[in-house]
Amino acid sequence: MVVILNNLDDEPIHRICGEHGRRPDELIEILHTVQKEHGYLTDAALRTIAEALNISRAEIHGVVSFYHDFYRAQPARHILKICRAEACQAVGSDDLAAYAERKFATTMGDKGAGGQIGIEAVYCLGNCALGPAMLIDGKLHGRVTPERLDILAETDLSSGEARNG
């Protein structure tokens, strides 16, 4: 029996690539759209994109591995992104990050692997005057202390809504 491992017949991915004119210069937008629709980027999706855009999988891998917003496995239900840039560090983001790791029993950089909470470092959210800043499922929060994180966890993380892709 012959098994085809490189199935390029992924109609939704071909549709997305077509919506972007099958243009290699639209790769980042295509990757974001695929991830938004499917939750993360599978090997099959990346092979299909490479075929549709007539570029190598190595080129795609370079882009996906460079940008931290792309997920190669099912991410956590909720994603916390804590600013670790200097302005936020100066007002307590290191303590906030350590507190979040203890509170949610996970480590910084763990994208959650399909669990409930993933915590990621980001370097500047453009909210320096209101640091420490963080995103919870894509929603920006400023002046976040451990106490405020407890409140946000009660409201934003217990609402039952999944993360904003």
# chains A, B, ... in the order shown; residues from 1 in each chain; ligands from 1
call {"tool": "residues_around", "arguments": {"residues": "A:Asp10", "least_positions_apart": "3", "cutoff": "7 Å", "atoms": "only C-alpha atoms", "output": "PDB file with C-alpha atoms, in the first residue's frame"}}
result
ATOM      1  CA  ILE A  13      -4.904  26.575   2.798  1.00  0.00           C
ATOM      2  CA  HIS A  14      -4.983  26.906  -0.988  1.00  0.00           C
ATOM      3  CA  THR A  48       0.868  23.318   1.275  1.00  0.00           C
TER       4      THR A  48
END
call {"tool": "residues_around", "arguments": {"residues": "A:Val63", "least_positions_apart": "2", "cutoff": "12 Å", "atoms": "only C-alpha atoms", "output": "list in words"}}
result
Pro24, Asp25, Glu26, Leu27, Ile28, Glu29, Ile30, Leu31, His32, Leu46, Ser56, Arg57, Ala58, Glu59, Ile60, His61, Ser65, Phe66, Tyr67, His68, Asp69, Phe70 and Tyr71 of chain A
call {"tool": "closest_atom_pairs", "arguments": {"of": "stretch 35-120 of chain A", "to": "stretch 132-153 of chain A", "cutoff": "7 Å", "atoms": "only C-alpha atoms", "output": "CSV"}}
result
residue,atom,partner,partner_atom,distance
A:His78,CA,A:Asp137,CA,5.8
A:Ile79,CA,A:Asp137,CA,5.2
A:Leu80,CA,A:Ile136,CA,4.7
A:Lys81,CA,A:Leu135,CA,5.0
A:Ile82,CA,A:Met134,CA,4.4
A:Cys83,CA,A:Ala133,CA,5.6
A:Cys88,CA,A:Pro132,CA,4.5
A:Val91,CA,A:Pro132,CA,6.1
A:Gly92,CA,A:Pro132,CA,6.2
A:Ser93,CA,A:Pro132,CA,5.2
A:Leu96,CA,A:Pro146,CA,5.7
A:Tyr99,CA,A:Pro146,CA,6.4
call {"tool": "closest_residue", "arguments": {"among": "A:Gly109, A:Ile49, A:Leu41, A:Ala121", "to": "A:Arg15", "atoms": "only C-alpha atoms"}}
result
A:Ile49
call {"tool": "select_by_dssp", "arguments": {"residues": "chain A", "states": "helix (DSSP H, G or I)", "output": "PyMOL selection string"}}
result
chain A and resi 11-19+24-38+43-53+57-66+86-90+93-104+128-130+146-155
call {"tool": "select_by_dssp", "arguments": {"residues": "chain A", "states": "strand (DSSP E or B)", "output": "PyMOL selection string"}}
result
chain A and resi 78-83+108+117-122+134-136+139-141
call {"tool": "write_last_selection", "arguments": {"atoms": "N, CA and C atoms", "output": "short mmCIF file (atom, residue, chain, number, x, y, z; two decimals), in the first residue's frame"}}
result
data_model
loop_
_atom_site.label_atom_id
_atom_site.label_comp_id
_atom_site.auth_asym_id
_atom_site.auth_seq_id
_atom_site.Cartn_x
_atom_site.Cartn_y
_atom_site.Cartn_z
N HIS A 78 -5.39 30.12 27.12
CA HIS A 78 -5.15 31.54 27.42
C HIS A 78 -3.65 31.80 27.35
N ILE A 79 -3.28 32.92 26.72
CA ILE A 79 -1.88 33.30 26.58
C ILE A 79 -1.64 34.63 27.28
N LEU A 80 -0.70 34.63 28.22
CA LEU A 80 -0.26 35.84 28.89
C LEU A 80 1.09 36.22 28.31
N LYS A 81 1.21 37.45 27.83
CA LYS A 81 2.48 37.95 27.31
C LYS A 81 2.90 39.09 28.22
N ILE A 82 3.99 38.88 28.93
CA ILE A 82 4.48 39.87 29.89
C ILE A 82 5.66 40.62 29.29
N CYS A 83 5.59 41.95 29.31
CA CYS A 83 6.66 42.77 28.77
C CYS A 83 7.89 42.62 29.66
N MET A 108 8.01 30.74 31.99
CA MET A 108 8.07 31.70 30.90
C MET A 108 8.59 31.00 29.66
N ILE A 117 -3.03 27.72 30.52
CA ILE A 117 -2.32 28.99 30.58
C ILE A 117 -0.92 28.83 30.00
N GLY A 118 -0.55 29.72 29.10
CA GLY A 118 0.81 29.81 28.59
C GLY A 118 1.33 31.21 28.87
N ILE A 119 2.61 31.31 29.25
CA ILE A 119 3.21 32.60 29.57
C ILE A 119 4.38 32.82 28.62
N GLU A 120 4.41 33.99 28.00
CA GLU A 120 5.46 34.32 27.05
C GLU A 120 6.03 35.69 27.36
N ALA A 121 7.31 35.86 27.08
CA ALA A 121 7.96 37.17 27.20
C ALA A 121 7.78 37.93 25.90
N VAL A 122 7.54 39.22 26.01
CA VAL A 122 7.56 40.11 24.85
C VAL A 122 8.45 41.29 25.23
N MET A 134 1.20 43.99 30.10
CA MET A 134 1.04 42.61 29.64
C MET A 134 -0.19 42.50 28.75
N LEU A 135 -0.19 41.48 27.93
CA LEU A 135 -1.35 41.12 27.13
C LEU A 135 -1.95 39.86 27.73
N ILE A 136 -3.23 39.84 27.86
CA ILE A 136 -3.95 38.62 28.23
C ILE A 136 -4.88 38.33 27.08
N LYS A 139 -5.40 41.25 24.84
CA LYS A 139 -5.93 42.48 25.43
C LYS A 139 -4.85 43.12 26.32
N LEU A 140 -4.52 44.39 26.05
CA LEU A 140 -3.46 45.10 26.75
C LEU A 140 -3.90 45.55 28.13
N HIS A 141 -3.01 45.35 29.10
CA HIS A 141 -3.23 45.81 30.48
C HIS A 141 -1.96 46.51 30.95
#
call {"tool": "decode", "arguments": {"residues": "stretch 72-122 of chain A", "atoms": "N, CA and C atoms", "output": "CSV table (one decimal), in the first residue's frame"}}
result
chain,number,residue,atom,x,y,z
A,72,ARG,N,3.5,26.2,16.5
A,72,ARG,CA,3.6,25.0,15.8
A,72,ARG,C,2.9,23.8,16.4
A,73,ALA,N,2.3,24.1,17.6
A,73,ALA,CA,1.5,23.1,18.3
A,73,ALA,C,0.3,23.8,18.9
A,74,GLN,N,-0.7,23.1,19.2
A,74,GLN,CA,-1.9,23.7,19.9
A,74,GLN,C,-1.5,24.5,21.1
A,75,PRO,N,-1.7,25.8,21.1
A,75,PRO,CA,-1.3,26.6,22.2
A,75,PRO,C,-2.3,26.5,23.4
A,76,ALA,N,-1.9,27.1,24.5
A,76,ALA,CA,-2.8,27.1,25.7
A,76,ALA,C,-4.1,27.8,25.3
A,77,ARG,N,-5.1,27.5,26.1
A,77,ARG,CA,-6.4,28.2,26.0
A,77,ARG,C,-6.2,29.7,26.2
A,78,HIS,N,-5.4,30.1,27.1
A,78,HIS,CA,-5.1,31.5,27.4
A,78,HIS,C,-3.6,31.8,27.3
A,79,ILE,N,-3.3,32.9,26.7
A,79,ILE,CA,-1.9,33.3,26.6
A,79,ILE,C,-1.6,34.6,27.3
A,80,LEU,N,-0.7,34.6,28.2
A,80,LEU,CA,-0.3,35.8,28.9
A,80,LEU,C,1.1,36.2,28.3
A,81,LYS,N,1.2,37.4,27.8
A,81,LYS,CA,2.5,37.9,27.3
A,81,LYS,C,2.9,39.1,28.2
A,82,ILE,N,4.0,38.9,28.9
A,82,ILE,CA,4.5,39.9,29.9
A,82,ILE,C,5.7,40.6,29.3
A,83,CYS,N,5.6,41.9,29.3
A,83,CYS,CA,6.7,42.8,28.8
A,83,CYS,C,7.9,42.6,29.7
A,84,ARG,N,9.0,42.3,29.0
A,84,ARG,CA,10.3,42.1,29.7
A,84,ARG,C,11.3,43.2,29.3
A,85,ALA,N,10.9,44.2,28.6
A,85,ALA,CA,11.8,45.3,28.2
A,85,ALA,C,12.2,46.2,29.4
A,86,GLU,N,13.2,47.0,29.2
A,86,GLU,CA,13.8,47.7,30.3
A,86,GLU,C,12.8,48.6,31.1
A,87,ALA,N,12.0,49.3,30.4
A,87,ALA,CA,11.0,50.2,31.1
A,87,ALA,C,10.1,49.4,32.0
A,88,CYS,N,9.6,48.3,31.6
A,88,CYS,CA,8.8,47.5,32.4
A,88,CYS,C,9.6,46.8,33.5
A,89,GLN,N,10.8,46.4,33.2
A,89,GLN,CA,11.6,45.8,34.2
A,89,GLN,C,11.9,46.8,35.4
A,90,ALA,N,12.0,48.0,35.0
A,90,ALA,CA,12.3,49.0,36.0
A,90,ALA,C,11.2,49.2,37.0
A,91,VAL,N,10.0,48.8,36.6
A,91,VAL,CA,8.8,49.0,37.5
A,91,VAL,C,8.2,47.7,37.9
A,92,GLY,N,9.0,46.6,37.8
A,92,GLY,CA,8.5,45.4,38.4
A,92,GLY,C,8.1,44.2,37.6
A,93,SER,N,8.4,44.2,36.3
A,93,SER,CA,8.0,43.1,35.4
A,93,SER,C,8.7,41.8,35.8
A,94,ASP,N,9.9,41.8,36.3
A,94,ASP,CA,10.5,40.6,36.7
A,94,ASP,C,9.8,39.9,37.9
A,95,ASP,N,9.4,40.7,38.9
A,95,ASP,CA,8.6,40.2,40.0
A,95,ASP,C,7.2,39.7,39.5
A,96,LEU,N,6.6,40.4,38.5
A,96,LEU,CA,5.3,40.0,38.0
A,96,LEU,C,5.5,38.7,37.2
A,97,ALA,N,6.5,38.5,36.4
A,97,ALA,CA,6.7,37.3,35.7
A,97,ALA,C,6.9,36.1,36.7
A,98,ALA,N,7.8,36.3,37.7
A,98,ALA,CA,8.0,35.2,38.7
A,98,ALA,C,6.7,34.9,39.4
A,99,TYR,N,5.9,35.9,39.7
A,99,TYR,CA,4.6,35.6,40.4
A,99,TYR,C,3.7,34.8,39.4
A,100,ALA,N,3.6,35.2,38.2
A,100,ALA,CA,2.7,34.5,37.2
A,100,ALA,C,3.2,33.1,37.0
A,101,GLU,N,4.5,32.8,37.0
A,101,GLU,CA,4.9,31.5,36.8
A,101,GLU,C,4.5,30.6,38.0
A,102,ARG,N,4.6,31.2,39.2
A,102,ARG,CA,4.2,30.4,40.4
A,102,ARG,C,2.7,30.2,40.4
A,103,LYS,N,1.9,31.3,40.2
A,103,LYS,CA,0.5,31.3,40.2
A,103,LYS,C,-0.1,30.2,39.3
A,104,PHE,N,0.4,30.2,38.0
A,104,PHE,CA,-0.1,29.3,37.0
A,104,PHE,C,0.7,28.0,36.8
A,105,ALA,N,1.7,27.8,37.7
A,105,ALA,CA,2.5,26.6,37.7
A,105,ALA,C,3.0,26.3,36.3
A,106,THR,N,3.6,27.3,35.7
A,106,THR,CA,4.2,27.1,34.4
A,106,THR,C,5.4,28.0,34.3
A,107,THR,N,6.2,27.9,33.2
A,107,THR,CA,7.4,28.7,33.1
A,107,THR,C,7.3,29.6,31.9
A,108,MET,N,8.0,30.7,32.0
A,108,MET,CA,8.1,31.7,30.9
A,108,MET,C,8.6,31.0,29.7
A,109,GLY,N,7.9,31.2,28.5
A,109,GLY,CA,8.3,30.6,27.3
A,109,GLY,C,7.5,29.4,27.0
A,110,ASP,N,6.8,28.9,28.0
A,110,ASP,CA,6.0,27.7,27.8
A,110,ASP,C,4.7,28.2,27.1
A,111,LYS,N,4.5,27.9,25.8
A,111,LYS,CA,3.3,28.3,25.1
A,111,LYS,C,2.1,27.5,25.5
A,112,GLY,N,2.2,26.7,26.4
A,112,GLY,CA,1.0,26.0,26.9
A,112,GLY,C,0.7,24.6,26.4
A,113,ALA,N,1.2,24.3,25.3
A,113,ALA,CA,1.0,22.9,24.7
A,113,ALA,C,-0.4,22.4,24.9
A,114,GLY,N,-1.4,23.3,24.6
A,114,GLY,CA,-2.8,22.9,24.6
A,114,GLY,C,-3.4,22.9,26.0
A,115,GLY,N,-2.7,23.4,27.0
A,115,GLY,CA,-3.2,23.5,28.4
A,115,GLY,C,-4.0,24.7,28.6
A,116,GLN,N,-4.2,25.1,29.8
A,116,GLN,CA,-5.0,26.3,30.1
A,116,GLN,C,-4.3,27.6,30.0
A,117,ILE,N,-3.0,27.7,30.5
A,117,ILE,CA,-2.3,29.0,30.6
A,117,ILE,C,-0.9,28.8,30.0
A,118,GLY,N,-0.6,29.7,29.1
A,118,GLY,CA,0.8,29.8,28.6
A,118,GLY,C,1.3,31.2,28.9
A,119,ILE,N,2.6,31.3,29.3
A,119,ILE,CA,3.2,32.6,29.6
A,119,ILE,C,4.4,32.8,28.6
A,120,GLU,N,4.4,34.0,28.0
A,120,GLU,CA,5.5,34.3,27.0
A,120,GLU,C,6.0,35.7,27.4
A,121,ALA,N,7.3,35.9,27.1
A,121,ALA,CA,8.0,37.2,27.2
A,121,ALA,C,7.8,37.9,25.9
A,122,VAL,N,7.5,39.2,26.0
A,122,VAL,CA,7.6,40.1,24.9
A,122,VAL,C,8.4,41.3,25.2
